[in-house]
Amino acid sequence: MNKLIHKKITVSVKTNKPENKIEEITDSLYEVTLKSSPINGKANKELIEVMSNYLKVAKSQIEIKAGKTSKTKVLAIYG
């Protein structure tokens with residue numbers, strides 16, 4: 001079974017910050033600050049957790065489609 005992408009969003013990520021924060025620039029562009037560091041995928045994992053809470057979807061419904069090692073990422077939201 002293929003997952004259907006509900007929407008794609010672009011996220012600009014800043015790591016090693018004192019708090020997690022999400023700023024919605026447009027419907028498909030977000031700036032996110034994360035507490036964790038980008039080492040060993042910690043920031044990517046935290047990004048999915050933070051975005052799932054913000055968008056009120058399950059973590060399994062979010063996938064990083066592009067930019068896993070970049071500060072700019074494209075997320076697919078399934079649903």
# chains A, B, ... in the order shown; residues from 1 in each chain; ligands from 1
$ residues_around --residues "Leu75 (chain A)" --least-positions-apart "6" --cutoff "7 Å" --atoms "only C-alpha atoms" --output "PyMOL selection string"
chain A and resi 8-10+62-65
$ residues_around --residues "Asn53 (chain A)" --least-positions-apart "6" --cutoff "12 Å" --atoms "only C-alpha atoms" --output "list in words"
Asn20, Lys21, Ile22, Glu46, Leu47, Lys59, Ser60, Gln61 and Ile62 of chain A
$ select_by_dssp --residues "chain A" --states "strand (DSSP E or B)" --output "VMD selection string"
chain A and resid 5 to 14 21 to 26 29 to 33 62 to 66 72 to 78
$ select_by_dssp --residues "chain A" --states "alpha helix (DSSP H)" --output "list in words"
Lys42, Ala43, Asn44, Lys45, Glu46, Leu47, Ile48, Glu49, Val50, Met51, Ser52, Asn53, Tyr54 and Leu55 of chain A
$ closest_residue --among "A:Lys3, A:Lys73, A:Lys56, A:Lys45" --to "Ser28 (chain A)" --atoms "only C-alpha atoms"
A:Lys73
$ atom_distance --atom1 "CA of Pro38 (chain A)" --atom2 "CA of Ser52 (chain A)"
18.6 Å
$ atom_distance --atom1 "CA of Thr33 (chain A)" --atom2 "CA of Leu4 (chain A)"
27.8 Å
$ closest_residue --among "A:Ser37, A:Ala43, A:Leu55, A:His6" --to "Glu24 (chain A)" --atoms "only C-alpha atoms"
A:Leu55
$ closest_residue --among "A:Val57, A:Glu49, A:Val13, A:Ile25" --to "Tyr78 (chain A)" --atoms "only C-alpha atoms"
A:Val57
$ residues_around --residues "Glu23 (chain A)" --least-positions-apart "3" --cutoff "12 Å" --atoms "only C-alpha atoms" --output "VMD selection string"
chain A and resid 10 to 14 20 26 to 34 50 to 51 54
$ write_last_selection --atoms "N, CA and C atoms" --output "compact mmCIF listing (two decimals), in the first residue's frame"
# COMPACT_ATOMS: atom_id res chain seq x y z
N THR A 10 8.52 22.82 3.75
CA THR A 10 9.95 23.08 3.84
C THR A 10 10.22 23.65 5.23
N VAL A 11 11.27 23.13 5.86
CA VAL A 11 11.59 23.52 7.23
C VAL A 11 13.05 23.96 7.29
N SER A 12 13.26 25.15 7.81
CA SER A 12 14.61 25.65 8.09
C SER A 12 14.88 25.38 9.57
N VAL A 13 15.93 24.61 9.85
CA VAL A 13 16.20 24.13 11.20
C VAL A 13 17.45 24.78 11.78
N LYS A 14 17.33 25.22 13.04
CA LYS A 14 18.49 25.70 13.81
C LYS A 14 18.59 24.81 15.04
N ASN A 20 12.76 24.55 22.11
CA ASN A 20 12.15 24.17 20.84
C ASN A 20 11.11 25.23 20.50
N THR A 26 4.85 30.57 6.10
CA THR A 26 3.70 30.42 5.19
C THR A 26 3.10 29.05 5.47
N ASP A 27 2.07 28.68 4.72
CA ASP A 27 1.43 27.38 4.91
C ASP A 27 2.40 26.22 4.67
N SER A 28 3.44 26.46 3.87
CA SER A 28 4.36 25.37 3.54
C SER A 28 5.81 25.68 3.90
N LEU A 29 6.05 26.73 4.68
CA LEU A 29 7.41 27.09 5.08
C LEU A 29 7.45 27.40 6.58
N TYR A 30 8.35 26.71 7.28
CA TYR A 30 8.47 26.86 8.73
C TYR A 30 9.92 27.09 9.12
N GLU A 31 10.13 27.84 10.20
CA GLU A 31 11.43 27.95 10.84
C GLU A 31 11.31 27.27 12.19
N VAL A 32 12.23 26.34 12.46
CA VAL A 32 12.15 25.55 13.68
C VAL A 32 13.50 25.62 14.41
N THR A 33 13.45 25.92 15.71
CA THR A 33 14.66 25.82 16.53
C THR A 33 14.50 24.59 17.43
N LEU A 34 15.60 23.87 17.60
CA LEU A 34 15.60 22.62 18.37
C LEU A 34 16.68 22.65 19.44
N VAL A 50 8.58 17.23 17.33
CA VAL A 50 8.06 18.59 17.51
C VAL A 50 7.01 18.92 16.46
N MET A 51 7.28 18.55 15.21
CA MET A 51 6.33 18.84 14.13
C MET A 51 5.06 18.00 14.28
N TYR A 54 2.98 19.78 16.82
CA TYR A 54 2.50 21.05 16.28
C TYR A 54 1.37 20.84 15.26
